[in-house]
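A.B. asks: The structure file my_file31.cif (mmCIF, C-alpha atoms) is provided below.
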data_input
loop_
_atom_site.label_atom_id
_atom_site.label_comp_id
_atom_site.auth_asym_id
_atom_site.auth_seq_id
_atom_site.Cartn_x
_atom_site.Cartn_y
_atom_site.Cartn_z
CA MET A 142 -20.31 3.42 -54.31
CA GLN A 143 -20.16 3.32 -50.52
CA HIS A 144 -17.54 1.01 -49.07
CA GLN A 145 -17.93 -0.86 -45.80
CA SER A 146 -15.41 -0.12 -43.05
CA HIS A 147 -12.73 -2.77 -42.66
CA ILE A 148 -14.08 -4.01 -39.35
CA HIS A 149 -17.48 -4.66 -40.93
CA GLN A 150 -15.82 -6.91 -43.50
CA LEU A 151 -14.50 -9.27 -40.83
CA PRO A 152 -16.07 -12.72 -40.46
CA VAL A 153 -18.75 -12.68 -37.77
CA GLU A 154 -16.86 -15.21 -35.65
CA LEU A 155 -13.75 -13.01 -35.62
CA PHE A 156 -15.83 -9.92 -34.83
CA GLN A 157 -17.34 -11.79 -31.87
CA GLN A 158 -13.90 -12.72 -30.56
CA ILE A 159 -12.82 -9.07 -30.68
CA LEU A 160 -15.87 -8.03 -28.64
CA LEU A 161 -15.18 -10.81 -26.14
CA LEU A 162 -11.56 -9.69 -25.77
CA ILE A 163 -12.73 -6.17 -24.98
CA VAL A 164 -15.18 -7.32 -22.30
CA ASN A 165 -12.84 -9.89 -20.76
CA ASP A 166 -9.80 -7.59 -20.77
CA VAL A 167 -10.63 -6.48 -17.23
CA SER A 168 -11.05 -8.84 -14.28
CA ASP A 169 -14.16 -7.10 -12.95
CA CYS A 170 -17.54 -8.17 -14.22
CA PRO A 171 -19.18 -5.73 -16.66
CA SER A 172 -21.67 -3.56 -14.83
CA ILE A 173 -25.25 -3.37 -16.05
CA PHE A 174 -26.03 -0.24 -14.04
CA LYS A 175 -24.16 3.00 -13.46
CA LEU A 176 -24.36 4.98 -10.27
CA ILE A 177 -25.45 8.62 -10.20
CA ASN A 178 -25.49 9.90 -6.61
CA ILE A 179 -27.60 7.21 -4.93
CA ARG A 180 -29.59 6.29 -8.03
CA ILE A 181 -28.87 3.75 -10.75
CA SER A 182 -29.49 3.79 -14.48
CA GLY A 183 -28.47 1.68 -17.47
CA ASN A 184 -24.72 1.60 -18.08
CA PHE A 185 -24.92 2.16 -21.85
CA ALA A 186 -21.55 3.92 -22.01
CA SER A 187 -19.53 0.76 -21.19
CA PRO A 188 -19.22 -2.70 -22.77
CA PRO A 189 -21.13 -4.73 -23.59
CA LEU A 190 -24.16 -2.40 -23.67
CA VAL A 191 -22.23 0.24 -25.57
CA PHE A 192 -21.75 -2.23 -28.45
CA THR A 193 -25.50 -2.20 -29.05
CA ARG A 194 -25.46 1.55 -29.71
CA VAL A 195 -22.80 1.70 -32.44
CA CYS A 196 -24.89 0.52 -35.38
CA ARG A 197 -27.34 -2.19 -36.37
CA LEU A 198 -24.59 -4.69 -37.31
CA TRP A 199 -22.81 -4.28 -33.99
CA ARG A 200 -26.08 -4.63 -32.13
CA VAL A 201 -27.03 -7.86 -33.94
CA ILE A 202 -23.59 -9.40 -33.38
CA ALA A 203 -23.46 -8.33 -29.72
CA HIS A 204 -26.92 -9.72 -29.02
CA SER A 205 -25.98 -13.06 -30.59
CA THR A 206 -22.69 -13.41 -28.66
CA THR A 207 -23.79 -15.13 -25.45
CA GLY A 208 -20.35 -14.90 -23.85
CA LEU A 209 -20.66 -11.11 -23.64
CA TRP A 210 -23.58 -11.42 -21.25
CA SER A 211 -22.55 -14.33 -18.99
CA ARG A 212 -20.72 -12.08 -16.48
CA ILE A 213 -22.58 -9.29 -14.71
CA GLN A 214 -22.22 -6.85 -11.83
CA VAL A 215 -25.51 -5.67 -10.36
CA THR A 216 -25.51 -2.59 -8.14
CA LEU A 217 -28.59 -2.30 -5.94
CA PRO A 218 -29.98 1.22 -5.53
CA GLY A 219 -30.08 3.37 -2.42
CA GLY A 220 -32.52 6.07 -1.35
CA ASP A 221 -36.30 5.95 -1.40
CA GLU A 222 -37.09 6.85 -5.00
CA PRO A 223 -38.95 4.09 -6.87
CA LEU A 224 -36.97 1.88 -9.22
CA LYS A 225 -37.16 2.93 -12.84
CA PRO A 226 -39.44 0.42 -14.65
CA PHE A 227 -37.00 -0.27 -17.48
CA LEU A 228 -34.20 -1.47 -15.15
CA PRO A 229 -35.77 -4.88 -14.40
CA CYS A 230 -36.48 -5.25 -18.13
CA LEU A 231 -32.86 -4.41 -18.93
CA LEU A 232 -31.68 -7.06 -16.45
CA GLN A 233 -34.01 -9.67 -17.97
CA CYS A 234 -32.74 -8.88 -21.47
CA TRP A 235 -29.10 -9.09 -20.37
CA LEU A 236 -29.60 -12.51 -18.81
CA ALA A 237 -31.65 -13.76 -21.77
CA ARG A 238 -28.81 -12.86 -24.14
CA SER A 239 -26.45 -15.10 -22.16
CA GLY A 240 -28.40 -18.10 -23.42
CA SER A 241 -27.75 -21.21 -21.32
CA ARG A 242 -24.20 -20.26 -20.31
CA PRO A 243 -23.10 -20.51 -16.65
CA LEU A 244 -23.29 -17.11 -14.97
CA THR A 245 -20.75 -15.10 -12.99
CA LEU A 246 -22.63 -12.72 -10.72
CA TYR A 247 -21.28 -9.86 -8.60
CA ILE A 248 -23.84 -8.16 -6.35
CA ASP A 249 -22.97 -4.74 -5.02
CA ARG A 250 -24.91 -2.29 -2.93
CA ILE A 251 -24.62 1.43 -2.43
CA SER A 252 -23.02 2.12 0.95
CA LEU A 253 -24.69 5.04 2.67
CA SER A 254 -23.54 6.53 5.96
CA CYS A 255 -27.03 7.60 6.98
CA HIS A 256 -29.45 4.73 7.53
CA LEU A 257 -32.38 7.03 6.75
CA PHE A 258 -31.42 6.90 3.07
CA ARG A 259 -30.89 3.17 2.81
CA SER A 260 -33.40 1.53 0.55
CA LYS A 261 -35.71 -1.19 1.74
CA PRO A 262 -35.25 -4.66 0.24
CA SER A 263 -38.76 -4.40 -1.26
CA LYS A 264 -37.50 -1.59 -3.48
CA TYR A 265 -35.17 -3.85 -5.43
CA SER A 266 -36.98 -7.16 -4.80
CA ARG A 267 -37.89 -7.38 -8.49
CA LEU A 268 -34.19 -7.34 -9.42
CA LEU A 269 -33.52 -10.12 -6.90
CA GLU A 270 -36.43 -12.18 -8.25
CA ILE A 271 -34.97 -11.95 -11.75
CA LEU A 272 -31.50 -12.96 -10.57
CA GLN A 273 -32.85 -15.83 -8.49
CA SER A 274 -34.88 -17.13 -11.44
CA GLU A 275 -31.50 -17.94 -13.06
CA SER A 276 -29.88 -19.46 -9.95
CA ARG A 277 -29.54 -22.87 -11.59
CA ARG A 278 -27.00 -21.27 -13.94
CA TRP A 279 -24.98 -19.49 -11.24
CA GLU A 280 -21.34 -20.63 -11.43
CA THR A 281 -19.57 -17.83 -9.53
CA VAL A 282 -21.30 -15.57 -7.01
CA VAL A 283 -19.70 -12.68 -5.12
CA GLY A 284 -21.34 -10.32 -2.65
CA VAL A 285 -24.37 -12.27 -1.46
CA LEU A 286 -27.02 -10.30 0.39
CA ARG A 287 -28.46 -10.73 3.84
CA GLY A 288 -30.55 -13.85 4.22
CA ASN A 289 -33.96 -12.16 4.44
CA GLU A 290 -33.51 -10.21 1.19
CA TRP A 291 -33.87 -13.11 -1.23
CA PRO A 292 -37.41 -14.04 -2.32
CA SER A 293 -36.86 -17.71 -1.39
CA SER A 294 -35.18 -19.16 1.66
CA LYS A 295 -33.25 -21.76 -0.36
CA LEU A 296 -31.29 -21.06 -3.53
CA ASP A 297 -31.10 -23.82 -6.13
CA THR A 298 -27.50 -23.57 -7.36
CA PRO A 299 -26.37 -26.97 -8.75
CA GLN A 300 -23.67 -25.42 -10.99
CA LEU A 301 -22.13 -23.22 -8.30
CA ARG A 302 -18.33 -23.55 -8.35
CA ALA A 303 -17.11 -20.37 -6.60
CA LEU A 304 -18.80 -18.37 -3.84
CA GLU A 305 -18.04 -15.35 -1.68
CA CYS A 306 -20.43 -14.61 1.14
CA GLY A 307 -20.87 -14.50 4.91
CA TRP A 308 -20.75 -17.62 7.08
CA SER A 309 -24.40 -17.35 8.17
CA ARG A 310 -25.64 -17.38 4.55
CA LEU A 311 -23.93 -20.54 3.34
CA GLU A 312 -26.83 -22.79 4.27
CA ARG A 313 -28.98 -21.08 1.64
CA PHE A 314 -26.94 -22.55 -1.23
CA ASN A 315 -26.67 -25.90 -2.90
CA MET A 316 -22.90 -26.35 -2.60
CA SER A 317 -22.58 -29.93 -3.80
CA ASN A 318 -20.21 -28.87 -6.62
CA LEU A 319 -18.49 -25.93 -4.93
CA ARG A 320 -14.72 -25.73 -5.51
CA ARG A 321 -13.80 -22.24 -4.19
CA LEU A 322 -15.17 -20.50 -1.12
CA TYR A 323 -14.36 -17.10 0.39
CA ILE A 324 -16.07 -16.48 3.73
CA SER A 325 -16.15 -12.71 4.05
CA ASP A 326 -16.85 -12.55 7.77
CA GLY A 327 -14.83 -15.53 8.96
CA ILE A 328 -15.79 -18.77 10.70
CA VAL A 329 -16.47 -18.62 14.40
CA THR A 330 -18.41 -21.84 14.95
CA SER A 331 -18.71 -25.36 13.64
CA PRO A 332 -20.10 -27.69 12.29
CA PHE A 333 -19.45 -26.70 8.72
CA PRO A 334 -21.75 -27.04 5.72
CA THR A 335 -21.25 -30.00 3.43
CA CYS A 336 -18.90 -29.14 0.56
CA LYS A 337 -17.24 -32.43 -0.24
CA LYS A 338 -15.59 -31.13 -3.43
CA LEU A 339 -14.19 -27.91 -1.94
CA GLN A 340 -10.54 -27.35 -2.92
CA HIS A 341 -9.78 -23.70 -2.14
CA LEU A 342 -10.84 -21.85 1.02
CA ASN A 343 -10.25 -18.23 2.02
CA LEU A 344 -11.26 -17.02 5.50
CA GLN A 345 -11.33 -13.44 6.63
CA TYR A 346 -10.59 -14.67 10.13
CA ALA A 347 -10.67 -17.91 12.13
CA SER A 348 -9.35 -19.36 15.36
CA PRO A 349 -6.62 -22.05 15.47
CA THR A 350 -9.26 -24.59 16.51
CA ILE A 351 -11.37 -23.77 13.46
CA ILE A 352 -8.34 -23.96 11.15
CA ARG A 353 -7.47 -27.41 12.45
CA SER A 354 -11.04 -28.74 12.36
CA LEU A 355 -11.60 -27.79 8.72
CA SER A 356 -9.91 -31.01 7.67
CA GLU A 357 -12.73 -33.08 9.16
CA THR A 358 -15.22 -31.68 6.63
CA PHE A 359 -13.19 -30.47 3.66
CA LEU A 360 -11.03 -33.46 2.85
CA LEU A 361 -9.95 -32.26 -0.61
CA LEU A 362 -8.67 -28.82 0.37
CA GLU A 363 -5.59 -27.84 -1.66
CA THR A 364 -5.21 -24.23 -0.50
CA ILE A 365 -6.19 -22.37 2.66
CA VAL A 366 -5.82 -18.61 3.11
CA VAL A 367 -6.51 -17.13 6.56
CA GLU A 368 -6.36 -13.33 6.65
CA GLY A 369 -6.66 -13.02 10.41
CA VAL A 370 -6.25 -15.41 13.35
CA ILE A 371 -8.40 -14.70 16.39
CA GLY A 372 -7.95 -16.21 19.85
CA GLY A 373 -4.85 -17.96 21.11
CA ASP A 374 -6.56 -21.33 21.64
CA HIS A 375 -3.71 -22.30 23.96
CA GLY A 376 -5.93 -24.99 25.40
CA ALA A 377 -6.82 -26.47 22.02
CA SER A 378 -6.46 -30.19 21.52
CA SER A 379 -3.19 -31.24 19.89
CA HIS A 380 -4.53 -34.53 18.55
CA LEU A 381 -3.29 -35.56 15.11
CA VAL A 382 -5.02 -33.70 12.29
CA THR A 383 -4.34 -34.56 8.65
CA TYR A 384 -4.84 -32.47 5.53
CA PRO A 385 -4.15 -35.12 2.88
CA CYS A 386 -4.32 -32.76 -0.13
CA LEU A 387 -3.21 -29.39 1.24
CA GLU A 388 -0.43 -27.89 -0.91
CA SER A 389 -0.52 -24.22 0.10
CA LEU A 390 -1.25 -22.50 3.43
CA THR A 391 -1.34 -18.74 4.01
CA LEU A 392 -1.34 -17.26 7.52
CA PRO A 393 -0.86 -13.77 8.98
CA LEU A 394 2.35 -13.01 10.85
CA PRO A 395 1.25 -11.17 14.05
CA LEU A 396 2.76 -7.72 14.61
CA ASP A 397 3.12 -8.25 18.35
CA LEU A 398 4.26 -11.81 18.94
CA ASP A 399 4.70 -11.19 22.67
CA LYS A 400 0.91 -10.93 22.92
CA ASN A 401 0.48 -14.10 20.87
CA PRO A 402 2.61 -16.63 22.79
CA HIS A 403 0.90 -19.65 21.23
CA TRP A 404 1.32 -18.56 17.60
CA PRO A 405 1.79 -20.64 15.48
CA THR A 406 2.05 -23.71 17.74
CA ALA A 407 -1.69 -23.72 18.40
CA ILE A 408 -2.20 -24.27 14.66
CA PHE A 409 0.65 -26.66 13.80
CA ASP A 410 0.88 -28.89 16.88
CA GLY A 411 -0.06 -32.39 15.72
CA LEU A 412 -0.81 -31.19 12.18
CA HIS A 413 -0.01 -33.70 9.44
CA LEU A 414 0.63 -32.02 6.06
CA PRO A 415 2.05 -34.73 3.81
CA VAL A 416 1.92 -32.75 0.53
CA LEU A 417 2.38 -29.16 1.75
CA ARG A 418 4.59 -27.31 -0.74
CA LYS A 419 4.25 -23.65 0.18
CA LEU A 420 3.76 -21.73 3.42
CA THR A 421 2.97 -18.04 2.95
CA LEU A 422 3.27 -15.67 5.90
CA VAL A 423 1.79 -12.19 5.54
CA GLY A 424 4.02 -9.78 7.44
CA HIS A 425 7.63 -8.74 7.93
CA PRO A 426 9.88 -11.48 9.38
CA ASN A 427 11.75 -10.97 12.64
CA LYS A 428 13.91 -13.26 14.75
CA LEU A 429 11.19 -14.22 17.25
CA GLY A 430 8.75 -15.01 14.46
CA VAL A 431 11.29 -17.12 12.59
CA ASN A 432 12.15 -19.06 15.76
CA ARG A 433 8.47 -19.74 16.38
CA ILE A 434 7.94 -20.92 12.79
CA MET A 435 10.92 -23.26 12.96
CA ALA A 436 9.80 -24.73 16.27
CA ALA A 437 6.28 -25.32 14.92
CA LEU A 438 7.39 -26.86 11.62
CA GLU A 439 9.98 -29.13 13.23
CA VAL A 440 7.24 -30.99 15.08
CA THR A 441 4.82 -30.98 12.14
CA ALA A 442 4.66 -33.93 9.82
CA THR A 443 5.45 -32.07 6.62
CA CYS A 444 7.38 -34.00 4.02
CA ASN A 445 8.11 -31.69 1.11
CA LEU A 446 7.88 -28.07 2.14
CA GLN A 447 9.47 -26.26 -0.78
CA VAL A 448 8.94 -22.57 -0.09
CA ILE A 449 8.32 -20.23 2.81
CA ASP A 450 7.22 -16.93 1.31
CA PHE A 451 6.91 -13.66 3.25
CA GLN A 452 4.37 -11.21 1.86
CA THR A 453 5.48 -7.84 3.15
CA ILE A 454 4.98 -4.25 2.02
CA ARG A 455 8.62 -3.44 2.74
CA PRO A 456 11.28 -3.72 0.00
CA GLN A 457 13.11 -7.02 -0.22
CA ASP A 458 16.42 -5.41 0.74
CA GLU A 459 14.94 -4.56 4.16
CA VAL A 460 14.53 -8.25 4.99
CA ASP A 461 17.42 -9.43 7.16
CA VAL A 462 18.85 -12.49 5.40
CA ASP A 463 20.58 -13.69 8.56
CA VAL A 464 17.22 -13.71 10.36
CA VAL A 465 15.36 -15.84 7.81
CA GLU A 466 18.20 -18.11 6.69
CA PRO A 467 17.70 -20.65 9.54
CA LEU A 468 14.32 -21.49 7.92
CA LEU A 469 16.26 -23.37 5.25
CA SER A 470 16.44 -26.19 7.78
CA VAL A 471 12.69 -26.76 7.27
CA ALA A 472 12.19 -25.51 3.69
CA ARG A 473 14.14 -25.56 0.43
CA GLU A 474 13.60 -21.89 -0.44
CA ILE A 475 12.88 -18.59 1.28
CA SER A 476 11.22 -15.89 -0.79
CA VAL A 477 9.84 -12.40 -0.29
CA CYS A 478 6.73 -11.50 -2.29
CA SER A 479 7.40 -14.62 -4.40
CA VAL A 480 10.94 -13.43 -5.30
CA LEU A 481 13.65 -15.90 -4.28
CA LEU A 482 15.79 -14.68 -1.39
CA ARG A 483 17.74 -17.77 -0.34
CA CYS A 484 17.73 -21.44 -1.26
CA ARG A 485 19.20 -24.52 0.35
CA ALA A 486 22.55 -25.56 -1.01
CA PRO A 487 22.35 -28.75 -3.10
CA ARG A 488 23.75 -31.89 -1.57
CA ASP A 489 26.94 -33.34 -3.01
#
Could you render the structure from this file as structure tokens?
C.D. replies:
Amino acid sequence: MQHQSHIHQLPVELFQQILLLIVNDVSDCPSIFKLINIRISGNFASPPLVFTRVCRLWRVIAHSTTGLWSRIQVTLPGGDEPLKPFLPCLLQCWLARSGSRPLTLYIDRISLSCHLFRSKPSKYSRLLEILQSESRRWETVVGVLRGNEWPSSKLDTPQLRALECGWSRLERFNMSNLRRLYISDGIVTSPFPTCKKLQHLNLQYASPTIIRSLSETFLLLETIVVEGVIGGDHGASSHLVTYPCLESLTLPLPLDLDKNPHWPTAIFDGLHLPVLRKLTLVGHPNKLGVNRIMAALEVTATCNLQVIDFQTIRPQDEVDVDVVEPLLSVAREISVCSVLLRCRAPRD
């Protein structure tokens, strides 16, 4: 008498949870295609597709577990060879197995140094048509393409909650329910698109004027991360600007402050931050930078700044405590890479 393996004796629901744990154990989306040189083929050696090749039972359970198929990374091919016919079919099957679940989509493209080998959009247009046919289920989208590559000029995305793309492509989306936005090429102009529910914003770069004017459109912002500040904006208006919900602000600490005489005053002058709890500065603190931060925060209407955190690649013991300690006059704690360095003495 042939005995079933122990794993095959598990209840189906428990078996499904094990498969989901395997797929969700990594933060990256599972990839439907694998890359060989500049060509793509089905990624049957990795989850969840590999589950379908173990045996009939695994295949049936995997196909019926919609959560396995609701996250997907799609790599678009390079070169001039025609797309293999089964690849669009594989993509359709993957999406069909996700049922009606919201989709997390990561779009990647093969980066080629020689433009002669870059594929034309028409080569993978069928893949884009299939993805766009499910746009009403898109919940998270990363790596959006250039505007002229999508089959339609407007993308119907009522469930979209998180988006990463370039500034010029935002207008293509329905962002009425967007909560998180990462603008991969920064904001250089206004006005901004309407995202009344936006809570978290990450900018690759922006000017002080842009940073200040965000509050006029995104009233519910709770966190702002600016990776790079461009332009001194020393002539920017210092009229009162209020971020009523902003709790966390991340800014870069310039390497050469002598060449940035208006940092960070151009950002903070007249800024009202009634609920700001954490200010993160990316860079190694020095005396001039600390003096500038103190001067800016002392004239800013911040009520409850709890932490100033320095994100630096240097070890914590290389941070001069005497240099940063004066910041305790404007914040309760000073930390380095989220590790407490100094805190304000409690009042008697």
A.B. asks: Please write as a PyMOL selection string the full residue list that the PyMOL selection byres ((chain A and resi 188-198) around 10) yields on this file.
C.D. replies: chain A and resi 149+153+160-161+163-165+171-173+183-187+199-204+209-210+235
A.B. asks: Here's the selection I'm unsure about, the PyMOL selection byres ((chain A and resi 414) around 10); applied to the file above, which residues does it give, as number ranges by chain?
C.D. replies: A: 382-389, 409, 411-413, 415-418, 441-446
A.B. asks: Using all atoms listed in the file, what does the table of range 295-327 of chain A residues within 9 Å of range 336-351 of chain A look like, with each row giving the shortest atom pair and its distance in Å to one decimal, sorted by chain and ascending number, as JSON lines?
C.D. replies:
{"residue": "A:Arg302", "atom": "CA", "partner": "A:Leu339", "partner_atom": "CA", "distance": 8.8}
{"residue": "A:Met316", "atom": "CA", "partner": "A:Cys336", "partner_atom": "CA", "distance": 5.8}
{"residue": "A:Ser317", "atom": "CA", "partner": "A:Cys336", "partner_atom": "CA", "distance": 5.8}
{"residue": "A:Asn318", "atom": "CA", "partner": "A:Lys338", "partner_atom": "CA", "distance": 6.1}
{"residue": "A:Leu319", "atom": "CA", "partner": "A:Leu339", "partner_atom": "CA", "distance": 5.6}
{"residue": "A:Arg320", "atom": "CA", "partner": "A:Leu339", "partner_atom": "CA", "distance": 4.2}
{"residue": "A:Arg321", "atom": "CA", "partner": "A:His341", "partner_atom": "CA", "distance": 4.7}
{"residue": "A:Leu322", "atom": "CA", "partner": "A:Leu342", "partner_atom": "CA", "distance": 5.0}
{"residue": "A:Tyr323", "atom": "CA", "partner": "A:Asn343", "partner_atom": "CA", "distance": 4.6}
{"residue": "A:Ile324", "atom": "CA", "partner": "A:Leu344", "partner_atom": "CA", "distance": 5.2}
{"residue": "A:Ser325", "atom": "CA", "partner": "A:Gln345", "partner_atom": "CA", "distance": 5.5}
{"residue": "A:Asp326", "atom": "CA", "partner": "A:Gln345", "partner_atom": "CA", "distance": 5.7}
{"residue": "A:Gly327", "atom": "CA", "partner": "A:Tyr346", "partner_atom": "CA", "distance": 4.5}
A.B. asks: Out of A:Val471, A:Ala303, A:Ala407, A:Val460, which residue has the shortest atom-to-atom distance to Leu438 in chain A when counting all atoms listed in the file?
C.D. replies: A:Val471
A.B. asks: Would you kindly translate the PyMOL selection byres ((chain A and resi 247) around 12) into the concrete residues it picks from this file, as a VMD selection string?
C.D. replies: chain A and resid 168 to 173 211 to 217 244 to 246 248 to 250 272 279 to 286 303 to 306
A.B. asks: Go through A:Leu236, A:Ile408, A:Val462, A:Leu269 one by one, measure the shortest atom-to-atom distance of each to His380 in chain A using only C-alpha atoms, and give the residue with the smallest value.
C.D. replies: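 Of all the options, A:Ile408 lies closest to His380 in chain A.
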A.B. asks: Could you please determine the separation between CA of Thr207 in chain A and CA of Gln158 in chain A in Å, to one decimal place?
C.D. replies: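 So the answer is 11.4 Å.
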A.B. asks: Just give me the gap between CA of Pro395 in chain A and CA of Glu466 in chain A in Å, one decimal is fine.
C.D. replies: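 Computing it gives 19.7 Å between the two atoms.
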A.B. asks: Could you state the separation of CA of Trp404 in chain A and CA of Gln447 in chain A in Å, given to one decimal place?
C.D. replies: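 So the answer is 21.5 Å.
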A.B. asks: Of the residues A:His425, A:Arg313, A:His403, A:Lys419, which is the one nearest to Val366 in chain A, using all atoms listed in the file?
C.D. replies: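 Of A:His425, A:Arg313, A:His403, A:Lys419, the one nearest Val366 in chain A, counting all atoms listed in the file, is A:Lys419.
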A.B. asks: Smallest atom-to-atom distance to Phe314 in chain A: which of A:Ser266, A:Asn427, A:Gln452, A:Ser294, using only C-alpha atoms?
C.D. replies: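 Once distances to Phe314 in chain A are computed over only C-alpha atoms, the minimum belongs to A:Ser294.
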